[in-house]
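Visitor: This is the structure I want to talk about, given as structure tokens.
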Amino acid sequence: MDDKKPSTSDILAKIRAQKAAAAAVTPAPVAAPASVVTPAVTPPAAIAPQAKPGSTKDILAAIRAKGAIPAAGPSAPAVAGVSVQSEVKAVAASTSPRPSVQDMLKAVREGQGVPSSAKPTVAATSAGKVPVVAPPVPSKPVMASKKVVQPRRGFLMNVVVTISYPFLSAFRVAWTSMAAVTGVATLGTARFMFPNVLVEPPSKFKVGPMSDYPLNSVSNKWKDQYGVWIVHTDQYEGRNLVFALASVCTHLGCTPSWLDGEQKFKCPCHGSGFYMTGVNFEGPAPRPLERVGLKIAEGMLEVDKSVKFQGEMGQWNDAASFVELA
Amino acid sequence: MSVGDYIRGSQIWKSIFRHPAPVDRRNRIVVMLTNFFLHLHPVSIKQQGIALSYTWCMGGITFFLFLVETVTGVLLMFYYRPTLEFAFNDILALRDVTTLGIMREIHRWAAHAMVITVWLHMYRVFLTGSYKPPREFNWVIGVLLLVLTLLLSFTGYLLPWDQLAIWAITVGSNMARATPVLGYEGPGAQLLNVGGFDLITNGSDARFLLLGSRFVSEATLNRFYILHCVAIPLVVALLTAIHFWRIRKDGGISQPL
């Protein structure tokens with residue numbers, strides 16, 4: 001505050017004096033602190049229409065003019081929060097029959113009732129906020145301060161209450177119904193989007209008898225329809241094997257071609273090359289072509305595209321990935 | 001702080017709605033004025049103006065049915081292909097193998113109901129004199145919406161591609177042959193010829209424009225599919241928005257005298 005204006009202590013002293021006088025005069029001294037601080041809790045909107053004091057000087061003038069009584073009113077909040085707080089303390093100190101805040105806090109901590117008829121409690125006294133002081137209330141009998149134990153609601157009762165909650169008024173029934181219909185419709189729509197019948201080639205299909213595939217040949221017969229080559233070769237580990245290779249390049253998924261003259265699979269996209277066995281040997285492809293399932297069923301070779309076998313992971317040793325001839 | 005307060009206090013919520021919950025009269029007005037959809041509707045209406053005995057709620061039910069048709073129609077499009085090879089089989093598959101494919105029946109019944117409610121709405125508006133100035137333009141838009149509703153029914157009728165559909169559209173579209181001047185069997189068609197050469201033939205008249213061929217064919221099926229699923233609904237949605245907005249602009253819903 002400005003040094004030239006009255007200092008805070010001046011203001012406080014003034015107020016203290018006024019309050020002491022008021023307390024002495026007022027029939028119900030108890031009411032004093034409450035009415036003094038009431039303006040502090042009044043919403044700003046209520047004060048707004050009145051002229052707001054511009055400076056500390058104005059405020060002091062207002063206080064002086066209004067004298068002792070609490071009507072000091074709307075200007076009070078404009079005084080810094082500290083002063084109002086101090087004001088309360090001052091009042092508490094000046095009226096000796098009543099206990100100080102410290103006394104009351106101590107009493108509360110020790111779990112005892114406040115032995116006075118007045119019980120002004122200071123709340124929310126953090127800096128920068130106008131303190132809110134609860135109005136004095138008559139001290140309660142000791143009996144009332146004991147915690148009353150509510151009878152516990154049974155588990156079943158809890159269930160009943162919870163379940164019946166959404167149906168206890170027409171409004172709730174309406175919203176419950178709407179939520180239910182929306183939920184069911186959403187779930188139904190989600191289910192609707194999952195077809196029961198698939199329009200796609202079967203993952204298992206027969207590719208004819210073993211005799212269709214002579215040794216060391218690659219068959220393009222099923223490549224367009226199913227995307228597999230049937231290979232019969234003895235170049236892989238010297239074993240006489242028939243297996244099915246997926247016609248998907250392991251580089252970026254293009255479809256390679258079997259070049260019979262060069263005896264290799266060649267991918268047209270980036271030049272990856274694979275031996276007849278499916279093992280990669282040139283270009284960017286990082287791993288061999290993948291085998292799919294192959295077995296003999298009812299005398300025919302049957303391809304199962306739902307399973308795949310990767311050579312670099314040792315899965316080509318799986319007996320489901322080839323048919324071995326004696 | 002409740003969860004609701006937390007959500008309403010979040011930046012996401014505020015960025016979308018930009019006003020508090022409609023807890024008082026001012027905010028109820030603000031809600032109506034700042035919402036794209038709600039602003040089509042009057043901010044306030046007289047209670048007797050929306051009495052069920054007065055409006056029959058037929059306009060509202062029609063709009064509700066249009067929403068039903070839109071939602072179920074979009075879903076049905078996921079399982080329907082408008083080609084000779086698939087159209088009829090896809091309809092059968094909806095019935096036989098698709099879970100909740102019964103939705104097609106909802107689409108069909110709602111379509112029937114919508115035609116009825118549009119008529120009843122029009123009847124109510126006529127009986128209450130709600131077509132009179134200043135609402136005469138909204139009546140005109142309503143008539144357009146009636147025609148479009150009937151066209152939606154007509155175009156949708158072909159899509160199952162069964163015998164009923166094909167022959168109904170064949171018979172229905174035969175009317176277009178008799179269009180004055182522009183139908184090749186209509187009066188005045190023979191006037192449009194250049195040096196003895198007829199401009200209006202069965203390959204160039206109004207019916208041909210509608211069907212995309214001389215008889216109901218795959219071209220017709222595709223054409224009606226596009227009209228039914230895209231073109232007409234877009235126009236209906238636009239006109240419906242104007243229809244609602246004009247109610248507000250023409251002084252709110254009409255009142256009982």
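Each chain of the structure tokens is named A, B, ... in the order shown, its residues numbered from 1; ligands are numbered from 1 in display order.
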Could I get the residues of chain A with an atom no further than 9 Å from an atom of chain B, each paired with its nearest atom pair and that distance in Å to one decimal, using only C-alpha atoms, sorted by chain and residue number, as a tab-separated table?
Guide:
residue	atom	partner	partner_atom	distance
A:Gly188	CA	B:Leu100	CA	7.2
A:Thr189	CA	B:Leu75	CA	7.9
A:Arg191	CA	B:Thr99	CA	7.1
A:Phe192	CA	B:Thr99	CA	5.6
A:Met193	CA	B:Phe78	CA	7.8
A:Phe194	CA	B:Thr99	CA	8.1
A:Pro195	CA	B:Thr98	CA	6.1
A:Asn196	CA	B:Thr98	CA	6.0
A:Val197	CA	B:Val97	CA	6.7
Visitor: List the neighbours of range 206-212 of chain B out to 10 Å using only C-alpha atoms; skip same-chain residues closer than 6 positions along the sequence, and give me the result as a PyMOL selection string.
Guide: chain B and resi 169-170+173-184+200+218-224
Visitor: Kindly save the residues from that selection, with C-alpha atoms included, as an mmCIF file, in the first residue's frame.
Guide:
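Final output, result_5.cif:
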data_model
loop_
_atom_site.group_PDB
_atom_site.id
_atom_site.type_symbol
_atom_site.label_atom_id
_atom_site.label_comp_id
_atom_site.auth_asym_id
_atom_site.auth_seq_id
_atom_site.Cartn_x
_atom_site.Cartn_y
_atom_site.Cartn_z
ATOM 1 C CA ILE B 169 -41.176 -50.947 -64.487
ATOM 2 C CA THR B 170 -41.920 -52.004 -68.037
ATOM 3 C CA SER B 173 -42.311 -46.655 -68.011
ATOM 4 C CA ASN B 174 -44.659 -47.294 -70.937
ATOM 5 C CA MET B 175 -46.523 -44.215 -69.807
ATOM 6 C CA ALA B 176 -43.522 -42.208 -70.902
ATOM 7 C CA ARG B 177 -44.134 -43.375 -74.483
ATOM 8 C CA ALA B 178 -47.248 -41.207 -74.518
ATOM 9 C CA THR B 179 -45.465 -38.070 -73.365
ATOM 10 C CA PRO B 180 -46.678 -35.196 -75.538
ATOM 11 C CA VAL B 181 -44.086 -34.310 -78.160
ATOM 12 C CA LEU B 182 -41.237 -36.086 -76.374
ATOM 13 C CA GLY B 183 -42.758 -39.601 -76.291
ATOM 14 C CA TYR B 184 -42.607 -41.453 -79.579
ATOM 15 C CA ILE B 200 -38.483 -38.824 -81.705
ATOM 16 C CA GLU B 218 -29.168 -53.971 -67.305
ATOM 17 C CA ALA B 219 -28.647 -50.349 -68.317
ATOM 18 C CA THR B 220 -32.018 -49.584 -66.723
ATOM 19 C CA LEU B 221 -31.063 -51.454 -63.584
ATOM 20 C CA ASN B 222 -27.850 -49.455 -63.229
ATOM 21 C CA ARG B 223 -29.611 -46.196 -64.028
ATOM 22 C CA PHE B 224 -32.366 -46.777 -61.487
#
Visitor: Which of these residues is nearest to Gly271 in chain A, using only C-alpha atoms: A:Ala297, A:Thr250, A:Pro166, A:Asp103?
Guide: A:Thr250
Visitor: Check the DSSP output for the backbone and give back, as a list of chain:residue names, the residues of range 124-236 of chain A in strand (DSSP E or B).
Guide: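 Matching residues for strand (DSSP E or B) in range 124-236 of chain A are A:Val132, A:Val133, A:Ala134, A:Lys204, A:Phe205, A:Lys206, A:Ser217, A:Val218, A:Ser219, A:Val228, A:Trp229, A:Ile230, A:Val231, A:His232, A:Thr233.
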Visitor: Write out as a list of chain:residue names which residues come within 12 Å of Thr70 in chain B when counting only C-alpha atoms, dropping same-chain ones fewer than 2 positions away.
Guide: B:Phe63, B:Phe64, B:Leu65, B:Phe66, B:Leu67, B:Val68, B:Thr72, B:Gly73, B:Val74, B:Leu75, B:Leu76, B:Met77, B:Met103, B:Arg104, B:Ile106, B:His107, B:Arg108, B:Ala110, B:Ala111, B:Leu152, B:His228, B:Cys229, B:Val230, B:Ile232, B:Pro233, B:Leu234, B:Val236, B:Ala237
Visitor: Next, write the just-selected residues to a file, as a PDB file, in the first residue's frame, keeping N, CA and C atoms as the atom set.
Guide:
ATOM      1  N   PHE B  63     -40.245 -37.644 -42.109  1.00  0.00           N
ATOM      2  CA  PHE B  63     -38.802 -37.402 -41.996  1.00  0.00           C
ATOM      3  C   PHE B  63     -38.124 -38.574 -41.289  1.00  0.00           C
ATOM      4  N   PHE B  64     -38.764 -39.075 -40.226  1.00  0.00           N
ATOM      5  CA  PHE B  64     -38.205 -40.225 -39.527  1.00  0.00           C
ATOM      6  C   PHE B  64     -38.063 -41.412 -40.481  1.00  0.00           C
ATOM      7  N   LEU B  65     -39.096 -41.651 -41.288  1.00  0.00           N
ATOM      8  CA  LEU B  65     -39.035 -42.772 -42.233  1.00  0.00           C
ATOM      9  C   LEU B  65     -37.941 -42.545 -43.274  1.00  0.00           C
ATOM     10  N   PHE B  66     -37.758 -41.280 -43.662  1.00  0.00           N
ATOM     11  CA  PHE B  66     -36.671 -40.998 -44.608  1.00  0.00           C
ATOM     12  C   PHE B  66     -35.321 -41.360 -43.994  1.00  0.00           C
ATOM     13  N   LEU B  67     -35.165 -41.050 -42.696  1.00  0.00           N
ATOM     14  CA  LEU B  67     -33.910 -41.429 -42.028  1.00  0.00           C
ATOM     15  C   LEU B  67     -33.773 -42.950 -41.977  1.00  0.00           C
ATOM     16  N   VAL B  68     -34.874 -43.640 -41.671  1.00  0.00           N
ATOM     17  CA  VAL B  68     -34.837 -45.106 -41.649  1.00  0.00           C
ATOM     18  C   VAL B  68     -34.411 -45.634 -43.013  1.00  0.00           C
ATOM     19  N   THR B  72     -31.024 -47.875 -43.496  1.00  0.00           N
ATOM     20  CA  THR B  72     -31.135 -49.256 -43.980  1.00  0.00           C
ATOM     21  C   THR B  72     -30.667 -49.352 -45.431  1.00  0.00           C
ATOM     22  N   GLY B  73     -30.944 -48.320 -46.217  1.00  0.00           N
ATOM     23  CA  GLY B  73     -30.531 -48.349 -47.615  1.00  0.00           C
ATOM     24  C   GLY B  73     -29.026 -48.402 -47.762  1.00  0.00           C
ATOM     25  N   VAL B  74     -28.328 -47.593 -46.970  1.00  0.00           N
ATOM     26  CA  VAL B  74     -26.862 -47.612 -47.030  1.00  0.00           C
ATOM     27  C   VAL B  74     -26.341 -48.993 -46.651  1.00  0.00           C
ATOM     28  N   LEU B  75     -26.945 -49.578 -45.622  1.00  0.00           N
ATOM     29  CA  LEU B  75     -26.496 -50.907 -45.197  1.00  0.00           C
ATOM     30  C   LEU B  75     -26.764 -51.954 -46.283  1.00  0.00           C
ATOM     31  N   LEU B  76     -27.928 -51.867 -46.913  1.00  0.00           N
ATOM     32  CA  LEU B  76     -28.255 -52.857 -47.948  1.00  0.00           C
ATOM     33  C   LEU B  76     -27.306 -52.753 -49.134  1.00  0.00           C
ATOM     34  N   MET B  77     -26.810 -51.549 -49.386  1.00  0.00           N
ATOM     35  CA  MET B  77     -25.893 -51.384 -50.522  1.00  0.00           C
ATOM     36  C   MET B  77     -24.624 -52.210 -50.355  1.00  0.00           C
ATOM     37  N   MET B 103     -33.485 -56.717 -42.862  1.00  0.00           N
ATOM     38  CA  MET B 103     -33.488 -55.267 -42.951  1.00  0.00           C
ATOM     39  C   MET B 103     -34.094 -54.790 -44.268  1.00  0.00           C
ATOM     40  N   ARG B 104     -33.977 -55.612 -45.310  1.00  0.00           N
ATOM     41  CA  ARG B 104     -34.585 -55.227 -46.578  1.00  0.00           C
ATOM     42  C   ARG B 104     -36.088 -55.045 -46.431  1.00  0.00           C
ATOM     43  N   ILE B 106     -37.580 -54.041 -43.694  1.00  0.00           N
ATOM     44  CA  ILE B 106     -37.767 -52.748 -43.032  1.00  0.00           C
ATOM     45  C   ILE B 106     -37.721 -51.634 -44.074  1.00  0.00           C
ATOM     46  N   HIS B 107     -36.731 -51.749 -44.979  1.00  0.00           N
ATOM     47  CA  HIS B 107     -36.573 -50.746 -46.034  1.00  0.00           C
ATOM     48  C   HIS B 107     -37.839 -50.684 -46.883  1.00  0.00           C
ATOM     49  N   ARG B 108     -38.380 -51.842 -47.192  1.00  0.00           N
ATOM     50  CA  ARG B 108     -39.551 -51.908 -48.069  1.00  0.00           C
ATOM     51  C   ARG B 108     -40.795 -51.360 -47.366  1.00  0.00           C
ATOM     52  N   ALA B 110     -40.957 -49.417 -44.735  1.00  0.00           N
ATOM     53  CA  ALA B 110     -40.810 -47.990 -44.448  1.00  0.00           C
ATOM     54  C   ALA B 110     -41.072 -47.174 -45.704  1.00  0.00           C
ATOM     55  N   ALA B 111     -40.713 -47.724 -46.865  1.00  0.00           N
ATOM     56  CA  ALA B 111     -40.962 -47.026 -48.124  1.00  0.00           C
ATOM     57  C   ALA B 111     -42.462 -46.901 -48.377  1.00  0.00           C
ATOM     58  N   LEU B 152     -38.647 -42.252 -55.809  1.00  0.00           N
ATOM     59  CA  LEU B 152     -37.798 -43.167 -55.027  1.00  0.00           C
ATOM     60  C   LEU B 152     -38.442 -44.547 -54.958  1.00  0.00           C
ATOM     61  N   HIS B 228     -31.843 -44.134 -57.464  1.00  0.00           N
ATOM     62  CA  HIS B 228     -32.447 -44.508 -56.184  1.00  0.00           C
ATOM     63  C   HIS B 228     -31.510 -44.251 -55.015  1.00  0.00           C
ATOM     64  N   CYS B 229     -30.226 -44.552 -55.199  1.00  0.00           N
ATOM     65  CA  CYS B 229     -29.296 -44.508 -54.069  1.00  0.00           C
ATOM     66  C   CYS B 229     -28.566 -43.177 -53.929  1.00  0.00           C
ATOM     67  N   VAL B 230     -28.416 -42.458 -55.032  1.00  0.00           N
ATOM     68  CA  VAL B 230     -27.589 -41.256 -54.960  1.00  0.00           C
ATOM     69  C   VAL B 230     -28.365 -40.003 -55.377  1.00  0.00           C
ATOM     70  N   ILE B 232     -31.564 -39.041 -56.394  1.00  0.00           N
ATOM     71  CA  ILE B 232     -32.826 -38.557 -55.794  1.00  0.00           C
ATOM     72  C   ILE B 232     -32.661 -38.278 -54.297  1.00  0.00           C
ATOM     73  N   PRO B 233     -32.019 -39.171 -53.530  1.00  0.00           N
ATOM     74  CA  PRO B 233     -31.857 -38.858 -52.098  1.00  0.00           C
ATOM     75  C   PRO B 233     -31.130 -37.542 -51.843  1.00  0.00           C
ATOM     76  N   LEU B 234     -30.146 -37.223 -52.694  1.00  0.00           N
ATOM     77  CA  LEU B 234     -29.437 -35.952 -52.504  1.00  0.00           C
ATOM     78  C   LEU B 234     -30.394 -34.780 -52.678  1.00  0.00           C
ATOM     79  N   VAL B 236     -33.642 -34.856 -52.401  1.00  0.00           N
ATOM     80  CA  VAL B 236     -34.634 -34.898 -51.315  1.00  0.00           C
ATOM     81  C   VAL B 236     -34.051 -34.278 -50.041  1.00  0.00           C
ATOM     82  N   ALA B 237     -32.810 -34.622 -49.738  1.00  0.00           N
ATOM     83  CA  ALA B 237     -32.188 -34.083 -48.523  1.00  0.00           C
ATOM     84  C   ALA B 237     -32.101 -32.561 -48.608  1.00  0.00           C
TER      85      ALA B 237
END
Visitor: Near Gly208 in chain A, within 8 Å and counting only C-alpha atoms, which residues show up once chain neighbours fewer than 5 positions away are dropped, as a list in words?
Guide: Met300, Leu301 and Glu302 of chain A
Visitor: Quick one: everything within 12 Å of Leu259 in chain A, counting only C-alpha atoms, minus sequence neighbours fewer than 2 positions away in the same chain. Send it as a ChimeraX atom specification.
Guide: /A:217-220,256-257,261-268,273-276
Visitor: Take the residues that were just selected and, keeping C-alpha atoms, output them as a short mmCIF file (atom, residue, chain, number, x, y, z; two decimals), in the first residue's frame.
Guide:
data_model
loop_
_atom_site.label_atom_id
_atom_site.label_comp_id
_atom_site.auth_asym_id
_atom_site.auth_seq_id
_atom_site.Cartn_x
_atom_site.Cartn_y
_atom_site.Cartn_z
CA SER A 217 8.91 -79.26 -63.66
CA VAL A 218 6.95 -76.22 -62.57
CA SER A 219 3.24 -76.14 -63.39
CA ASN A 220 1.56 -72.81 -64.18
CA PRO A 256 6.79 -63.53 -60.53
CA SER A 257 6.87 -65.63 -63.71
CA GLY A 261 14.36 -71.54 -70.43
CA GLU A 262 16.31 -70.07 -67.53
CA GLN A 263 14.84 -72.49 -65.01
CA LYS A 264 14.00 -69.76 -62.51
CA PHE A 265 11.18 -67.66 -61.13
CA LYS A 266 11.69 -64.03 -62.12
CA CYS A 267 9.80 -61.13 -60.67
CA PRO A 268 9.05 -58.44 -63.29
CA GLY A 273 15.02 -64.38 -58.94
CA PHE A 274 14.27 -67.71 -57.33
CA TYR A 275 15.42 -71.22 -58.10
CA MET A 276 12.93 -73.94 -58.94
#
Visitor: Based on DSSP run over this structure's backbone, return all residues of range 79-204 of chain B in helix (DSSP H, G or I), as a ChimeraX atom specification.
Guide: /B:87-96,103-127,136-158,163-178,189-191
Visitor: Within 12 Å of range 6-21 of chain B, counting only C-alpha atoms, which residues show up once you throw out same-chain ones fewer than 5 positions away? Write them as a short mmCIF file (atom, residue, chain, number, x, y, z; two decimals) with N, CA and C atoms, in the first residue's frame, please.
Guide:
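The resulting file, selection22.cif, is reproduced below:
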data_model
loop_
_atom_site.label_atom_id
_atom_site.label_comp_id
_atom_site.auth_asym_id
_atom_site.auth_seq_id
_atom_site.Cartn_x
_atom_site.Cartn_y
_atom_site.Cartn_z
N MET B 1 -17.03 -32.71 -8.95
CA MET B 1 -17.42 -32.46 -10.35
C MET B 1 -17.87 -33.77 -11.00
N ARG B 26 -31.96 -18.31 -22.29
CA ARG B 26 -31.03 -17.76 -23.27
C ARG B 26 -30.23 -18.87 -23.96
N ASN B 27 -29.74 -19.82 -23.13
CA ASN B 27 -28.91 -20.86 -23.72
C ASN B 27 -29.72 -21.84 -24.56
N ARG B 28 -31.01 -21.98 -24.21
CA ARG B 28 -31.84 -22.84 -25.07
C ARG B 28 -31.98 -22.21 -26.45
N ILE B 29 -32.06 -20.89 -26.49
CA ILE B 29 -32.14 -20.20 -27.78
C ILE B 29 -30.81 -20.32 -28.51
N VAL B 30 -29.73 -20.11 -27.75
CA VAL B 30 -28.40 -20.17 -28.37
C VAL B 30 -28.14 -21.56 -28.96
N VAL B 31 -28.57 -22.59 -28.24
CA VAL B 31 -28.39 -23.95 -28.74
C VAL B 31 -29.06 -24.11 -30.09
N MET B 32 -30.26 -23.59 -30.21
CA MET B 32 -30.99 -23.74 -31.47
C MET B 32 -30.31 -22.95 -32.59
N LEU B 33 -29.81 -21.77 -32.25
CA LEU B 33 -29.28 -20.89 -33.30
C LEU B 33 -27.88 -21.28 -33.74
N THR B 34 -27.12 -21.95 -32.88
CA THR B 34 -25.72 -22.21 -33.24
C THR B 34 -25.52 -23.63 -33.74
N ASN B 35 -26.58 -24.43 -33.77
CA ASN B 35 -26.44 -25.79 -34.26
C ASN B 35 -26.91 -25.85 -35.70
N PHE B 36 -26.07 -26.41 -36.56
CA PHE B 36 -26.40 -26.43 -37.99
C PHE B 36 -27.74 -27.10 -38.24
#
Visitor: Counting only C-alpha atoms, what is within 12 Å of Leu84 in chain B, bar same-chain residues fewer than 2 positions away, as a CSV table (one decimal) with C-alpha atoms, in the first residue's frame?
Guide:
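Contents of result-v9.csv, as written:
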chain,number,residue,atom,x,y,z
B,80,TYR,CA,-26.4,-55.6,-53.3
B,81,ARG,CA,-24.8,-55.4,-56.8
B,82,PRO,CA,-27.0,-53.9,-59.5
B,86,PHE,CA,-26.0,-60.7,-59.1
B,87,ALA,CA,-29.0,-58.4,-58.4
B,88,PHE,CA,-31.6,-61.1,-57.9
B,89,ASN,CA,-29.3,-63.5,-56.2
B,90,ASP,CA,-28.1,-60.8,-53.8
B,158,LEU,CA,-36.9,-52.4,-60.0
B,159,LEU,CA,-33.8,-53.2,-57.9
B,160,PRO,CA,-34.9,-56.8,-56.7
B,161,TRP,CA,-34.9,-57.6,-60.4
B,162,ASP,CA,-37.5,-60.3,-60.1
B,166,ILE,CA,-39.1,-55.9,-64.4
B,216,VAL,CA,-35.9,-52.6,-69.3
B,217,SER,CA,-32.4,-54.0,-69.3
B,218,GLU,CA,-29.2,-54.0,-67.3
B,219,ALA,CA,-28.6,-50.3,-68.3
B,220,THR,CA,-32.0,-49.6,-66.7
B,221,LEU,CA,-31.1,-51.5,-63.6
B,222,ASN,CA,-27.8,-49.5,-63.2
Visitor: One number please: CA of Gly238 in chain A to CA of Thr277 in chain A, in Å, one decimal.
Guide: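 CA of Thr277 in chain A lies 10.9 Å from CA of Gly238 in chain A.
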Visitor: One decimal, Å: what's the distance from CA of Ala241 in chain B over to CA of Ser254 in chain B, could you say?
Guide: 18.0 Å
Visitor: In Å, rounded to a single decimal, give me how far CA of His270 in chain A is from CA of Phe243 in chain A.
Guide: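 Calculated distance between CA of Phe243 in chain A and CA of His270 in chain A is 25.3 Å.
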